[in-house]
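A.B. asks: Quick one: this structure, given as structure tokens, is what I'll be asking you about.
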Amino acid sequence: MLSYSTSGSPSSPPLVFLHGLGAGKIQTISGLPHLENTHLIAPDLPGHGDSTSYNPTTYSFDSFADHVLKLIDHLGIETCHLGGLSMGSGITLNLALRHPERFEKLILLRPSWLNSPQPPHLKLVADAGEMPQAEFEALPDFQSLLKENPPVAHSITAVYQRPDNQVLSRMWNSHPFHSLDDLTQITSPALVISSPRDDLHPESVASTIAKALPNSQLSSVPARYHEPEDYQKSLNQKINQFLNHST
């Protein structure tokens with residue numbers, strides 16, 4: 001069973017929110033401290049945080065989604081809101097396609113995958129999972145990113161603090177759904193959130209997903225890596241507005 005943390009009142013409507021690649025439940029709990037009328041459930045996905053006893057050869061969007069659904073069932077939750085950041089957005093779409101009856105509103109924060117594996121903008125993240133840090137930092141592409149957007153570059157090298165990075169390249173080689181046309185099947189209200197100056201989560205990906213979903217709204221928050229306090233404040237406000245008002 002996945003490790004998880006919670007915040008907010010258990011009597012409030014549940015929101016299961018899934019972290020990004022290489023992060024963990026701490027990212028979720030620390031990033032969403034001001035949710036109102038919401039019981040936040042933040043799992044560690046396989047290969048992340050305290051959920052480490054999983055076979056790396058099984059890592060994929062499908063298998064991660066299956067583990068999330070097992071956790072939701074274990075908690076006795078019949079329906080809930082569902083959301084995620086980056087990789088977590090992909091898992092959210094995967095689950096919404098396969099089990100639409102289980103999820104009410106969807107939150108897709110800085111999505112980074114569409115319908116194909118190996119998104120080019122995440123190649124450096126995958127490389128970090130395959131090579132020593134010194135070799136990685138010598139890559140011309142990393143040096144270019146370090147010069148052009150240092151905060152984003154440093155966010156990648158932070159993964160070297162993790163004990164095992166196999167999950168990075170394995171998830172880069174996976175994809176959450178097969179076709180953009182699949183997303184037209186998702187009728188749940190969806191909030192798609194982008195952030196500027198983010199090479200790992202292009203605004204174009206968020207826009208493409210929002211256009212494909214029939215019941216979505218596209219919004220933007222301040223730059224995550226350059227204005228972290230304003231980013232968090234705006235993000236919490238937008239999620240509260242979305243979850244606590246009819247759409």
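In the structure tokens, chains take letters A, B, ... by order of appearance, with residues numbered from 1 within each chain and ligands from 1 in the order shown.
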Could the residues of stretch 179-244 of chain A that have an atom at most 10 Å from stretch 26-38 of chain A be listed as CSV, each with its closest atom pair and the distance in Å to one decimal, counting only C-alpha atoms and ordered by chain and ascending residue number?
C.D. replies:
residue,atom,partner,partner_atom,distance
A:Pro228,CA,A:Gly31,CA,9.7
A:Glu229,CA,A:Gly31,CA,10.0
A:Tyr231,CA,A:Gly31,CA,9.4
A:Gln232,CA,A:Gly31,CA,6.4
A:Lys233,CA,A:His34,CA,8.3
A:Leu235,CA,A:Leu32,CA,7.9
A:Asn236,CA,A:His34,CA,6.0
A:Gln237,CA,A:Leu35,CA,8.0
A:Lys238,CA,A:Leu35,CA,9.8
A:Ile239,CA,A:Leu35,CA,7.5
A:Asn240,CA,A:Leu35,CA,6.0
A:Gln241,CA,A:Glu36,CA,9.3
A:Leu243,CA,A:Thr38,CA,8.3
A:Asn244,CA,A:Asn37,CA,7.5
A.B. asks: Would you mind exporting C-alpha atoms of the selected residues as a CSV table (one decimal), in the first residue's frame?
C.D. replies:
chain,number,residue,atom,x,y,z
A,228,PRO,CA,7.5,30.8,-5.2
A,229,GLU,CA,5.5,32.7,-2.6
A,231,TYR,CA,2.9,31.0,-6.9
A,232,GLN,CA,1.8,29.2,-3.8
A,233,LYS,CA,-0.7,31.9,-2.8
A,235,LEU,CA,-2.4,28.3,-6.5
A,236,ASN,CA,-4.2,27.8,-3.3
A,237,GLN,CA,-6.7,30.6,-4.1
A,238,LYS,CA,-7.5,29.1,-7.5
A,239,ILE,CA,-8.0,25.6,-6.2
A,240,ASN,CA,-10.2,26.8,-3.4
A,241,GLN,CA,-12.3,28.8,-5.9
A,243,LEU,CA,-13.4,23.2,-5.5
A,244,ASN,CA,-15.8,25.3,-3.4
A.B. asks: Excluding stretch 95-103 of chain A and residues on its chain fewer than 6 positions from it, collect all residues at most 9 Å away from it, counting only C-alpha atoms, and give them as a PDB file with C-alpha atoms, in the first residue's frame.
C.D. replies:
ATOM      1  CA  ASP A  62      -1.053   2.600 -15.743  1.00  0.00           C
ATOM      2  CA  ALA A  65      -2.846   4.787 -11.410  1.00  0.00           C
ATOM      3  CA  ASP A  66      -3.726   1.277 -10.242  1.00  0.00           C
ATOM      4  CA  VAL A  68      -3.688   5.149  -6.400  1.00  0.00           C
ATOM      5  CA  LEU A  69      -7.052   3.494  -6.975  1.00  0.00           C
ATOM      6  CA  ILE A  77     -13.659   6.561  -0.587  1.00  0.00           C
ATOM      7  CA  GLU A  78     -16.296   6.017  -3.261  1.00  0.00           C
ATOM      8  CA  THR A  79     -15.876   9.347  -5.055  1.00  0.00           C
ATOM      9  CA  CYS A  80     -13.476  12.235  -4.609  1.00  0.00           C
ATOM     10  CA  HIS A  81     -11.784  15.151  -6.290  1.00  0.00           C
ATOM     11  CA  LEU A  82      -8.521  14.185  -7.962  1.00  0.00           C
ATOM     12  CA  PHE A 177      -3.072   8.142 -22.415  1.00  0.00           C
ATOM     13  CA  ASP A 182      -9.334  10.184 -25.616  1.00  0.00           C
ATOM     14  CA  LEU A 183      -9.583  13.297 -23.460  1.00  0.00           C
ATOM     15  CA  GLN A 185     -14.396  11.383 -23.051  1.00  0.00           C
ATOM     16  CA  ILE A 186     -13.624  13.122 -19.747  1.00  0.00           C
ATOM     17  CA  THR A 187     -16.654  15.180 -18.764  1.00  0.00           C
ATOM     18  CA  SER A 188     -15.662  16.034 -15.179  1.00  0.00           C
TER      19      SER A 188
END
A.B. asks: Using the chain letters and numbers from this document, which residues of stretch 29-208 of chain A does DSSP assign to helix (DSSP H, G or I), as a PDB file with N, CA and C atoms, in the first residue's frame?
C.D. replies:
ATOM      1  N   ILE A  29       1.805  18.352   0.476  1.00  0.00           N
ATOM      2  CA  ILE A  29       1.361  18.937   1.743  1.00  0.00           C
ATOM      3  C   ILE A  29       1.930  20.347   1.920  1.00  0.00           C
ATOM      4  N   SER A  30       3.205  20.539   1.563  1.00  0.00           N
ATOM      5  CA  SER A  30       3.822  21.858   1.735  1.00  0.00           C
ATOM      6  C   SER A  30       3.332  22.849   0.691  1.00  0.00           C
ATOM      7  N   GLY A  31       2.933  22.359  -0.479  1.00  0.00           N
ATOM      8  CA  GLY A  31       2.500  23.246  -1.546  1.00  0.00           C
ATOM      9  C   GLY A  31       1.055  23.669  -1.465  1.00  0.00           C
ATOM     10  N   PRO A  56      10.888  -1.721  -9.807  1.00  0.00           N
ATOM     11  CA  PRO A  56      11.043  -0.646 -10.799  1.00  0.00           C
ATOM     12  C   PRO A  56      10.622  -1.043 -12.211  1.00  0.00           C
ATOM     13  N   THR A  57      10.680  -2.316 -12.541  1.00  0.00           N
ATOM     14  CA  THR A  57      10.302  -2.731 -13.895  1.00  0.00           C
ATOM     15  C   THR A  57       8.808  -2.559 -14.143  1.00  0.00           C
ATOM     16  N   THR A  58       8.037  -2.352 -13.084  1.00  0.00           N
ATOM     17  CA  THR A  58       6.581  -2.188 -13.247  1.00  0.00           C
ATOM     18  C   THR A  58       6.167  -0.727 -13.348  1.00  0.00           C
ATOM     19  N   PHE A  61       2.532   4.786 -16.058  1.00  0.00           N
ATOM     20  CA  PHE A  61       1.349   5.550 -15.678  1.00  0.00           C
ATOM     21  C   PHE A  61       0.193   4.627 -15.311  1.00  0.00           C
ATOM     22  N   ASP A  62       0.029   3.541 -16.055  1.00  0.00           N
ATOM     23  CA  ASP A  62      -1.053   2.600 -15.743  1.00  0.00           C
ATOM     24  C   ASP A  62      -0.877   1.990 -14.357  1.00  0.00           C
ATOM     25  N   SER A  63       0.339   1.534 -14.046  1.00  0.00           N
ATOM     26  CA  SER A  63       0.546   0.874 -12.753  1.00  0.00           C
ATOM     27  C   SER A  63       0.445   1.873 -11.605  1.00  0.00           C
ATOM     28  N   PHE A  64       0.955   3.088 -11.796  1.00  0.00           N
ATOM     29  CA  PHE A  64       0.834   4.094 -10.747  1.00  0.00           C
ATOM     30  C   PHE A  64      -0.641   4.418 -10.489  1.00  0.00           C
ATOM     31  N   ALA A  65      -1.419   4.526 -11.568  1.00  0.00           N
ATOM     32  CA  ALA A  65      -2.846   4.787 -11.410  1.00  0.00           C
ATOM     33  C   ALA A  65      -3.528   3.655 -10.650  1.00  0.00           C
ATOM     34  N   ASP A  66      -3.144   2.423 -10.950  1.00  0.00           N
ATOM     35  CA  ASP A  66      -3.726   1.277 -10.242  1.00  0.00           C
ATOM     36  C   ASP A  66      -3.439   1.358  -8.748  1.00  0.00           C
ATOM     37  N   HIS A  67      -2.223   1.743  -8.385  1.00  0.00           N
ATOM     38  CA  HIS A  67      -1.876   1.847  -6.962  1.00  0.00           C
ATOM     39  C   HIS A  67      -2.677   2.954  -6.286  1.00  0.00           C
ATOM     40  N   VAL A  68      -2.886   4.062  -6.981  1.00  0.00           N
ATOM     41  CA  VAL A  68      -3.688   5.149  -6.400  1.00  0.00           C
ATOM     42  C   VAL A  68      -5.118   4.683  -6.166  1.00  0.00           C
ATOM     43  N   LEU A  69      -5.680   3.979  -7.132  1.00  0.00           N
ATOM     44  CA  LEU A  69      -7.052   3.494  -6.975  1.00  0.00           C
ATOM     45  C   LEU A  69      -7.149   2.518  -5.802  1.00  0.00           C
ATOM     46  N   LYS A  70      -6.155   1.661  -5.626  1.00  0.00           N
ATOM     47  CA  LYS A  70      -6.158   0.732  -4.481  1.00  0.00           C
ATOM     48  C   LYS A  70      -6.136   1.498  -3.165  1.00  0.00           C
ATOM     49  N   LEU A  71      -5.377   2.591  -3.116  1.00  0.00           N
ATOM     50  CA  LEU A  71      -5.346   3.405  -1.898  1.00  0.00           C
ATOM     51  C   LEU A  71      -6.709   4.034  -1.643  1.00  0.00           C
ATOM     52  N   ILE A  72      -7.318   4.572  -2.682  1.00  0.00           N
ATOM     53  CA  ILE A  72      -8.636   5.187  -2.523  1.00  0.00           C
ATOM     54  C   ILE A  72      -9.643   4.150  -2.018  1.00  0.00           C
ATOM     55  N   ASP A  73      -9.594   2.954  -2.576  1.00  0.00           N
ATOM     56  CA  ASP A  73     -10.478   1.876  -2.112  1.00  0.00           C
ATOM     57  C   ASP A  73     -10.175   1.514  -0.661  1.00  0.00           C
ATOM     58  N   HIS A  74      -8.899   1.430  -0.323  1.00  0.00           N
ATOM     59  CA  HIS A  74      -8.487   1.101   1.043  1.00  0.00           C
ATOM     60  C   HIS A  74      -9.031   2.117   2.037  1.00  0.00           C
ATOM     61  N   MET A  87       3.759  14.770 -13.466  1.00  0.00           N
ATOM     62  CA  MET A  87       3.446  13.356 -13.567  1.00  0.00           C
ATOM     63  C   MET A  87       2.106  13.051 -12.921  1.00  0.00           C
ATOM     64  N   GLY A  88       1.825  13.705 -11.798  1.00  0.00           N
ATOM     65  CA  GLY A  88       0.545  13.495 -11.121  1.00  0.00           C
ATOM     66  C   GLY A  88      -0.637  13.899 -11.976  1.00  0.00           C
ATOM     67  N   SER A  89      -0.458  14.911 -12.838  1.00  0.00           N
ATOM     68  CA  SER A  89      -1.527  15.282 -13.774  1.00  0.00           C
ATOM     69  C   SER A  89      -1.785  14.165 -14.763  1.00  0.00           C
ATOM     70  N   GLY A  90      -0.695  13.534 -15.236  1.00  0.00           N
ATOM     71  CA  GLY A  90      -0.864  12.419 -16.161  1.00  0.00           C
ATOM     72  C   GLY A  90      -1.596  11.255 -15.528  1.00  0.00           C
ATOM     73  N   ILE A  91      -1.269  10.947 -14.281  1.00  0.00           N
ATOM     74  CA  ILE A  91      -1.966   9.872 -13.575  1.00  0.00           C
ATOM     75  C   ILE A  91      -3.426  10.240 -13.366  1.00  0.00           C
ATOM     76  N   THR A  92      -3.687  11.502 -13.080  1.00  0.00           N
ATOM     77  CA  THR A  92      -5.070  11.966 -12.918  1.00  0.00           C
ATOM     78  C   THR A  92      -5.878  11.729 -14.185  1.00  0.00           C
ATOM     79  N   LEU A  93      -5.328  12.072 -15.337  1.00  0.00           N
ATOM     80  CA  LEU A  93      -6.030  11.848 -16.600  1.00  0.00           C
ATOM     81  C   LEU A  93      -6.200  10.361 -16.873  1.00  0.00           C
ATOM     82  N   ASN A  94      -5.193   9.574 -16.563  1.00  0.00           N
ATOM     83  CA  ASN A  94      -5.283   8.124 -16.739  1.00  0.00           C
ATOM     84  C   ASN A  94      -6.445   7.552 -15.934  1.00  0.00           C
ATOM     85  N   LEU A  95      -6.546   7.954 -14.675  1.00  0.00           N
ATOM     86  CA  LEU A  95      -7.622   7.458 -13.818  1.00  0.00           C
ATOM     87  C   LEU A  95      -8.983   7.973 -14.266  1.00  0.00           C
ATOM     88  N   ALA A  96      -9.047   9.232 -14.658  1.00  0.00           N
ATOM     89  CA  ALA A  96     -10.322   9.804 -15.092  1.00  0.00           C
ATOM     90  C   ALA A  96     -10.843   9.109 -16.345  1.00  0.00           C
ATOM     91  N   LEU A  97      -9.945   8.655 -17.201  1.00  0.00           N
ATOM     92  CA  LEU A  97     -10.356   7.923 -18.402  1.00  0.00           C
ATOM     93  C   LEU A  97     -10.829   6.518 -18.073  1.00  0.00           C
ATOM     94  N   ARG A  98     -10.166   5.869 -17.150  1.00  0.00           N
ATOM     95  CA  ARG A  98     -10.457   4.458 -16.861  1.00  0.00           C
ATOM     96  C   ARG A  98     -11.560   4.271 -15.828  1.00  0.00           C
ATOM     97  N   PRO A 100     -14.146   6.938 -14.688  1.00  0.00           N
ATOM     98  CA  PRO A 100     -14.754   8.270 -14.622  1.00  0.00           C
ATOM     99  C   PRO A 100     -15.785   8.428 -13.505  1.00  0.00           C
ATOM    100  N   GLU A 101     -16.410   7.332 -13.114  1.00  0.00           N
ATOM    101  CA  GLU A 101     -17.461   7.397 -12.100  1.00  0.00           C
ATOM    102  C   GLU A 101     -16.909   7.683 -10.703  1.00  0.00           C
ATOM    103  N   ARG A 102     -15.598   7.578 -10.524  1.00  0.00           N
ATOM    104  CA  ARG A 102     -15.006   7.713  -9.191  1.00  0.00           C
ATOM    105  C   ARG A 102     -14.567   9.141  -8.868  1.00  0.00           C
ATOM    106  N   PRO A 120      10.313  15.573 -25.027  1.00  0.00           N
ATOM    107  CA  PRO A 120      11.658  16.146 -25.166  1.00  0.00           C
ATOM    108  C   PRO A 120      12.055  17.093 -24.036  1.00  0.00           C
ATOM    109  N   HIS A 121      11.094  17.845 -23.511  1.00  0.00           N
ATOM    110  CA  HIS A 121      11.421  18.812 -22.466  1.00  0.00           C
ATOM    111  C   HIS A 121      11.779  18.146 -21.133  1.00  0.00           C
ATOM    112  N   LEU A 122      11.568  16.834 -21.016  1.00  0.00           N
ATOM    113  CA  LEU A 122      11.943  16.109 -19.796  1.00  0.00           C
ATOM    114  C   LEU A 122      13.160  15.222 -19.998  1.00  0.00           C
ATOM    115  N   LYS A 123      13.827  15.355 -21.151  1.00  0.00           N
ATOM    116  CA  LYS A 123      14.982  14.494 -21.433  1.00  0.00           C
ATOM    117  C   LYS A 123      16.066  14.652 -20.377  1.00  0.00           C
ATOM    118  N   LEU A 124      16.318  15.852 -19.913  1.00  0.00           N
ATOM    119  CA  LEU A 124      17.342  16.048 -18.893  1.00  0.00           C
ATOM    120  C   LEU A 124      16.973  15.350 -17.590  1.00  0.00           C
ATOM    121  N   VAL A 125      15.705  15.327 -17.253  1.00  0.00           N
ATOM    122  CA  VAL A 125      15.276  14.624 -16.040  1.00  0.00           C
ATOM    123  C   VAL A 125      15.568  13.133 -16.179  1.00  0.00           C
ATOM    124  N   ALA A 126      15.262  12.572 -17.341  1.00  0.00           N
ATOM    125  CA  ALA A 126      15.562  11.167 -17.589  1.00  0.00           C
ATOM    126  C   ALA A 126      17.064  10.909 -17.542  1.00  0.00           C
ATOM    127  N   ASP A 127      17.845  11.822 -18.114  1.00  0.00           N
ATOM    128  CA  ASP A 127      19.302  11.675 -18.082  1.00  0.00           C
ATOM    129  C   ASP A 127      19.820  11.644 -16.652  1.00  0.00           C
ATOM    130  N   ALA A 128      19.227  12.464 -15.798  1.00  0.00           N
ATOM    131  CA  ALA A 128      19.655  12.494 -14.402  1.00  0.00           C
ATOM    132  C   ALA A 128      19.424  11.160 -13.708  1.00  0.00           C
ATOM    133  N   GLN A 133      26.161  12.470 -11.210  1.00  0.00           N
ATOM    134  CA  GLN A 133      25.875  13.897 -11.221  1.00  0.00           C
ATOM    135  C   GLN A 133      26.924  14.689 -11.987  1.00  0.00           C
ATOM    136  N   ALA A 134      28.193  14.368 -11.809  1.00  0.00           N
ATOM    137  CA  ALA A 134      29.236  15.132 -12.487  1.00  0.00           C
ATOM    138  C   ALA A 134      29.123  14.995 -13.999  1.00  0.00           C
ATOM    139  N   GLU A 135      28.827  13.794 -14.457  1.00  0.00           N
ATOM    140  CA  GLU A 135      28.651  13.566 -15.893  1.00  0.00           C
ATOM    141  C   GLU A 135      27.423  14.301 -16.398  1.00  0.00           C
ATOM    142  N   PHE A 136      26.358  14.274 -15.608  1.00  0.00           N
ATOM    143  CA  PHE A 136      25.124  14.964 -15.995  1.00  0.00           C
ATOM    144  C   PHE A 136      25.343  16.470 -16.114  1.00  0.00           C
ATOM    145  N   GLU A 137      26.010  17.038 -15.115  1.00  0.00           N
ATOM    146  CA  GLU A 137      26.185  18.487 -15.095  1.00  0.00           C
ATOM    147  C   GLU A 137      27.114  18.975 -16.207  1.00  0.00           C
ATOM    148  N   PRO A 140      26.015  19.438 -22.412  1.00  0.00           N
ATOM    149  CA  PRO A 140      25.778  20.762 -23.011  1.00  0.00           C
ATOM    150  C   PRO A 140      24.350  21.260 -22.795  1.00  0.00           C
ATOM    151  N   ASP A 141      23.371  20.363 -22.880  1.00  0.00           N
ATOM    152  CA  ASP A 141      21.977  20.793 -22.687  1.00  0.00           C
ATOM    153  C   ASP A 141      21.752  21.288 -21.264  1.00  0.00           C
ATOM    154  N   PHE A 142      22.373  20.618 -20.286  1.00  0.00           N
ATOM    155  CA  PHE A 142      22.229  21.088 -18.908  1.00  0.00           C
ATOM    156  C   PHE A 142      22.929  22.419 -18.721  1.00  0.00           C
ATOM    157  N   GLN A 143      24.122  22.561 -19.279  1.00  0.00           N
ATOM    158  CA  GLN A 143      24.849  23.815 -19.152  1.00  0.00           C
ATOM    159  C   GLN A 143      24.070  24.974 -19.777  1.00  0.00           C
ATOM    160  N   SER A 144      23.401  24.686 -20.882  1.00  0.00           N
ATOM    161  CA  SER A 144      22.590  25.717 -21.526  1.00  0.00           C
ATOM    162  C   SER A 144      21.415  26.118 -20.644  1.00  0.00           C
ATOM    163  N   LEU A 145      20.740  25.116 -20.058  1.00  0.00           N
ATOM    164  CA  LEU A 145      19.618  25.416 -19.167  1.00  0.00           C
ATOM    165  C   LEU A 145      20.098  26.163 -17.934  1.00  0.00           C
ATOM    166  N   LEU A 146      21.237  25.766 -17.416  1.00  0.00           N
ATOM    167  CA  LEU A 146      21.785  26.425 -16.227  1.00  0.00           C
ATOM    168  C   LEU A 146      22.041  27.895 -16.492  1.00  0.00           C
ATOM    169  N   LYS A 147      22.457  28.221 -17.686  1.00  0.00           N
ATOM    170  CA  LYS A 147      22.726  29.611 -18.054  1.00  0.00           C
ATOM    171  C   LYS A 147      21.442  30.388 -18.269  1.00  0.00           C
ATOM    172  N   GLU A 148      20.457  29.749 -18.906  1.00  0.00           N
ATOM    173  CA  GLU A 148      19.237  30.450 -19.295  1.00  0.00           C
ATOM    174  C   GLU A 148      18.187  30.491 -18.190  1.00  0.00           C
ATOM    175  N   PRO A 150      18.465  29.227 -14.339  1.00  0.00           N
ATOM    176  CA  PRO A 150      19.122  28.523 -13.232  1.00  0.00           C
ATOM    177  C   PRO A 150      18.176  27.837 -12.244  1.00  0.00           C
ATOM    178  N   PRO A 151      17.060  28.457 -11.827  1.00  0.00           N
ATOM    179  CA  PRO A 151      16.211  27.767 -10.852  1.00  0.00           C
ATOM    180  C   PRO A 151      15.666  26.440 -11.363  1.00  0.00           C
ATOM    181  N   VAL A 152      15.318  26.376 -12.636  1.00  0.00           N
ATOM    182  CA  VAL A 152      14.817  25.124 -13.191  1.00  0.00           C
ATOM    183  C   VAL A 152      15.942  24.094 -13.260  1.00  0.00           C
ATOM    184  N   ALA A 153      17.126  24.527 -13.662  1.00  0.00           N
ATOM    185  CA  ALA A 153      18.274  23.613 -13.717  1.00  0.00           C
ATOM    186  C   ALA A 153      18.566  23.032 -12.338  1.00  0.00           C
ATOM    187  N   HIS A 154      18.541  23.867 -11.319  1.00  0.00           N
ATOM    188  CA  HIS A 154      18.818  23.387  -9.966  1.00  0.00           C
ATOM    189  C   HIS A 154      17.729  22.438  -9.476  1.00  0.00           C
ATOM    190  N   SER A 155      16.507  22.608  -9.955  1.00  0.00           N
ATOM    191  CA  SER A 155      15.436  21.685  -9.553  1.00  0.00           C
ATOM    192  C   SER A 155      15.705  20.280 -10.067  1.00  0.00           C
ATOM    193  N   ILE A 156      16.406  20.168 -11.191  1.00  0.00           N
ATOM    194  CA  ILE A 156      16.744  18.839 -11.718  1.00  0.00           C
ATOM    195  C   ILE A 156      17.868  18.213 -10.901  1.00  0.00           C
ATOM    196  N   THR A 157      18.926  18.968 -10.631  1.00  0.00           N
ATOM    197  CA  THR A 157      20.042  18.388  -9.880  1.00  0.00           C
ATOM    198  C   THR A 157      19.636  18.011  -8.465  1.00  0.00           C
ATOM    199  N   ALA A 158      18.529  18.555  -7.973  1.00  0.00           N
ATOM    200  CA  ALA A 158      18.047  18.177  -6.639  1.00  0.00           C
ATOM    201  C   ALA A 158      17.692  16.698  -6.563  1.00  0.00           C
ATOM    202  N   VAL A 159      17.415  16.061  -7.703  1.00  0.00           N
ATOM    203  CA  VAL A 159      17.057  14.639  -7.660  1.00  0.00           C
ATOM    204  C   VAL A 159      18.232  13.783  -7.207  1.00  0.00           C
ATOM    205  N   TYR A 160      19.437  14.304  -7.264  1.00  0.00           N
ATOM    206  CA  TYR A 160      20.595  13.523  -6.822  1.00  0.00           C
ATOM    207  C   TYR A 160      20.627  13.346  -5.307  1.00  0.00           C
ATOM    208  N   GLN A 161      19.721  14.004  -4.610  1.00  0.00           N
ATOM    209  CA  GLN A 161      19.574  13.767  -3.178  1.00  0.00           C
ATOM    210  C   GLN A 161      18.720  12.529  -2.902  1.00  0.00           C
ATOM    211  N   GLN A 166      15.881   5.360 -10.559  1.00  0.00           N
ATOM    212  CA  GLN A 166      15.404   4.551 -11.671  1.00  0.00           C
ATOM    213  C   GLN A 166      14.055   5.031 -12.186  1.00  0.00           C
ATOM    214  N   VAL A 167      13.236   5.546 -11.284  1.00  0.00           N
ATOM    215  CA  VAL A 167      11.879   5.946 -11.654  1.00  0.00           C
ATOM    216  C   VAL A 167      11.879   7.070 -12.689  1.00  0.00           C
ATOM    217  N   LEU A 168      12.928   7.889 -12.722  1.00  0.00           N
ATOM    218  CA  LEU A 168      12.934   9.049 -13.605  1.00  0.00           C
ATOM    219  C   LEU A 168      12.880   8.642 -15.071  1.00  0.00           C
ATOM    220  N   SER A 169      13.786   7.797 -15.491  1.00  0.00           N
ATOM    221  CA  SER A 169      13.801   7.403 -16.900  1.00  0.00           C
ATOM    222  C   SER A 169      12.664   6.448 -17.233  1.00  0.00           C
ATOM    223  N   ARG A 170      12.254   5.623 -16.268  1.00  0.00           N
ATOM    224  CA  ARG A 170      11.164   4.690 -16.551  1.00  0.00           C
ATOM    225  C   ARG A 170       9.849   5.435 -16.803  1.00  0.00           C
ATOM    226  N   MET A 171       9.580   6.466 -16.036  1.00  0.00           N
ATOM    227  CA  MET A 171       8.349   7.212 -16.270  1.00  0.00           C
ATOM    228  C   MET A 171       8.466   8.090 -17.510  1.00  0.00           C
ATOM    229  N   TRP A 172       9.652   8.556 -17.835  1.00  0.00           N
ATOM    230  CA  TRP A 172       9.852   9.311 -19.070  1.00  0.00           C
ATOM    231  C   TRP A 172       9.506   8.459 -20.281  1.00  0.00           C
ATOM    232  N   LEU A 180      -5.004  12.322 -27.892  1.00  0.00           N
ATOM    233  CA  LEU A 180      -5.691  13.513 -27.389  1.00  0.00           C
ATOM    234  C   LEU A 180      -7.197  13.380 -27.539  1.00  0.00           C
ATOM    235  N   ASP A 181      -7.626  12.633 -28.530  1.00  0.00           N
ATOM    236  CA  ASP A 181      -9.062  12.414 -28.701  1.00  0.00           C
ATOM    237  C   ASP A 181      -9.658  11.679 -27.506  1.00  0.00           C
ATOM    238  N   ASP A 182      -8.844  10.884 -26.806  1.00  0.00           N
ATOM    239  CA  ASP A 182      -9.334  10.184 -25.616  1.00  0.00           C
ATOM    240  C   ASP A 182      -9.864  11.175 -24.582  1.00  0.00           C
ATOM    241  N   LEU A 183      -9.224  12.338 -24.506  1.00  0.00           N
ATOM    242  CA  LEU A 183      -9.583  13.297 -23.460  1.00  0.00           C
ATOM    243  C   LEU A 183     -10.979  13.862 -23.644  1.00  0.00           C
ATOM    244  N   THR A 184     -11.527  13.769 -24.844  1.00  0.00           N
ATOM    245  CA  THR A 184     -12.890  14.257 -25.061  1.00  0.00           C
ATOM    246  C   THR A 184     -13.910  13.421 -24.294  1.00  0.00           C
ATOM    247  N   GLN A 185     -13.498  12.245 -23.817  1.00  0.00           N
ATOM    248  CA  GLN A 185     -14.396  11.383 -23.051  1.00  0.00           C
ATOM    249  C   GLN A 185     -14.532  11.834 -21.598  1.00  0.00           C
ATOM    250  N   GLU A 203       3.895  25.675 -21.034  1.00  0.00           N
ATOM    251  CA  GLU A 203       2.508  26.160 -21.025  1.00  0.00           C
ATOM    252  C   GLU A 203       1.718  25.583 -22.198  1.00  0.00           C
ATOM    253  N   SER A 204       2.406  25.253 -23.276  1.00  0.00           N
ATOM    254  CA  SER A 204       1.722  24.682 -24.439  1.00  0.00           C
ATOM    255  C   SER A 204       1.092  23.325 -24.127  1.00  0.00           C
ATOM    256  N   VAL A 205       1.703  22.567 -23.227  1.00  0.00           N
ATOM    257  CA  VAL A 205       1.131  21.269 -22.843  1.00  0.00           C
ATOM    258  C   VAL A 205      -0.187  21.490 -22.099  1.00  0.00           C
ATOM    259  N   ALA A 206      -0.184  22.422 -21.142  1.00  0.00           N
ATOM    260  CA  ALA A 206      -1.411  22.725 -20.409  1.00  0.00           C
ATOM    261  C   ALA A 206      -2.501  23.211 -21.359  1.00  0.00           C
ATOM    262  N   SER A 207      -2.146  24.076 -22.292  1.00  0.00           N
ATOM    263  CA  SER A 207      -3.122  24.601 -23.244  1.00  0.00           C
ATOM    264  C   SER A 207      -3.702  23.493 -24.120  1.00  0.00           C
ATOM    265  N   THR A 208      -2.856  22.581 -24.577  1.00  0.00           N
ATOM    266  CA  THR A 208      -3.322  21.483 -25.428  1.00  0.00           C
ATOM    267  C   THR A 208      -4.307  20.588 -24.679  1.00  0.00           C
TER     268      THR A 208
END
A.B. asks: Looking only at the backbone, which of the residues in stretch 1-211 of chain A does DSSP tag as strand (DSSP E or B), as a count of residues only?
C.D. replies: 34
A.B. asks: One decimal, in Å: what's the spacing between atom CA of A:Gly24 and atom CA of A:Asn165?
C.D. replies: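 Computed distance, atom CA of A:Gly24 to atom CA of A:Asn165, equals 13.0 Å.
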A.B. asks: When you count only C-alpha atoms, which of these residues is closest to A:His201: A:Gly76, A:Pro119, A:Pro43, A:Pro132?
C.D. replies: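 Of A:Gly76, A:Pro119, A:Pro43, A:Pro132, the one nearest A:His201, counting only C-alpha atoms, is A:Pro119.
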A.B. asks: A:Phe17: which residues within 7 Å, counting only C-alpha atoms, same-chain residues fewer than 2 positions away excluded, as number ranges by chain?
C.D. replies: A: 15, 19, 28, 41-42, 82-84
A.B. asks: Save the residues we just selected, C-alpha atoms, as a CSV table (one decimal), in the first residue's frame?
C.D. replies:
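The resulting file, part-v9.csv, is reproduced below:
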chain,number,residue,atom,x,y,z
A,15,LEU,CA,-9.1,15.6,-2.6
A,19,HIS,CA,3.0,14.8,-6.6
A,28,THR,CA,1.9,18.2,-1.9
A,41,ILE,CA,-4.8,13.1,0.8
A,42,ALA,CA,-1.2,13.0,-0.5
A,82,LEU,CA,-8.5,14.2,-8.0
A,83,GLY,CA,-5.5,16.2,-9.0
A,84,GLY,CA,-1.8,16.2,-9.6
A.B. asks: Provide the atom CA of A:Gly47 to atom CA of A:Pro111 distance in Å, to one decimal place.
C.D. replies: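 Atom CA of A:Gly47 sits 19.8 Å away from atom CA of A:Pro111.
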A.B. asks: What is the atom CA of A:Pro176 to atom CA of A:Asp199 distance in Å?
C.D. replies: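 Spanning atom CA of A:Pro176 to atom CA of A:Asp199 is a straight-line distance of 19.9 Å.
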A.B. asks: Looking at A:Ser11, A:Asn149, A:Ser53, A:Asn115, which one is nearest to A:Ile209, with distances taken over only C-alpha atoms?
C.D. replies: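 Answer, going by the shortest atom-to-atom distance: A:Asn115.
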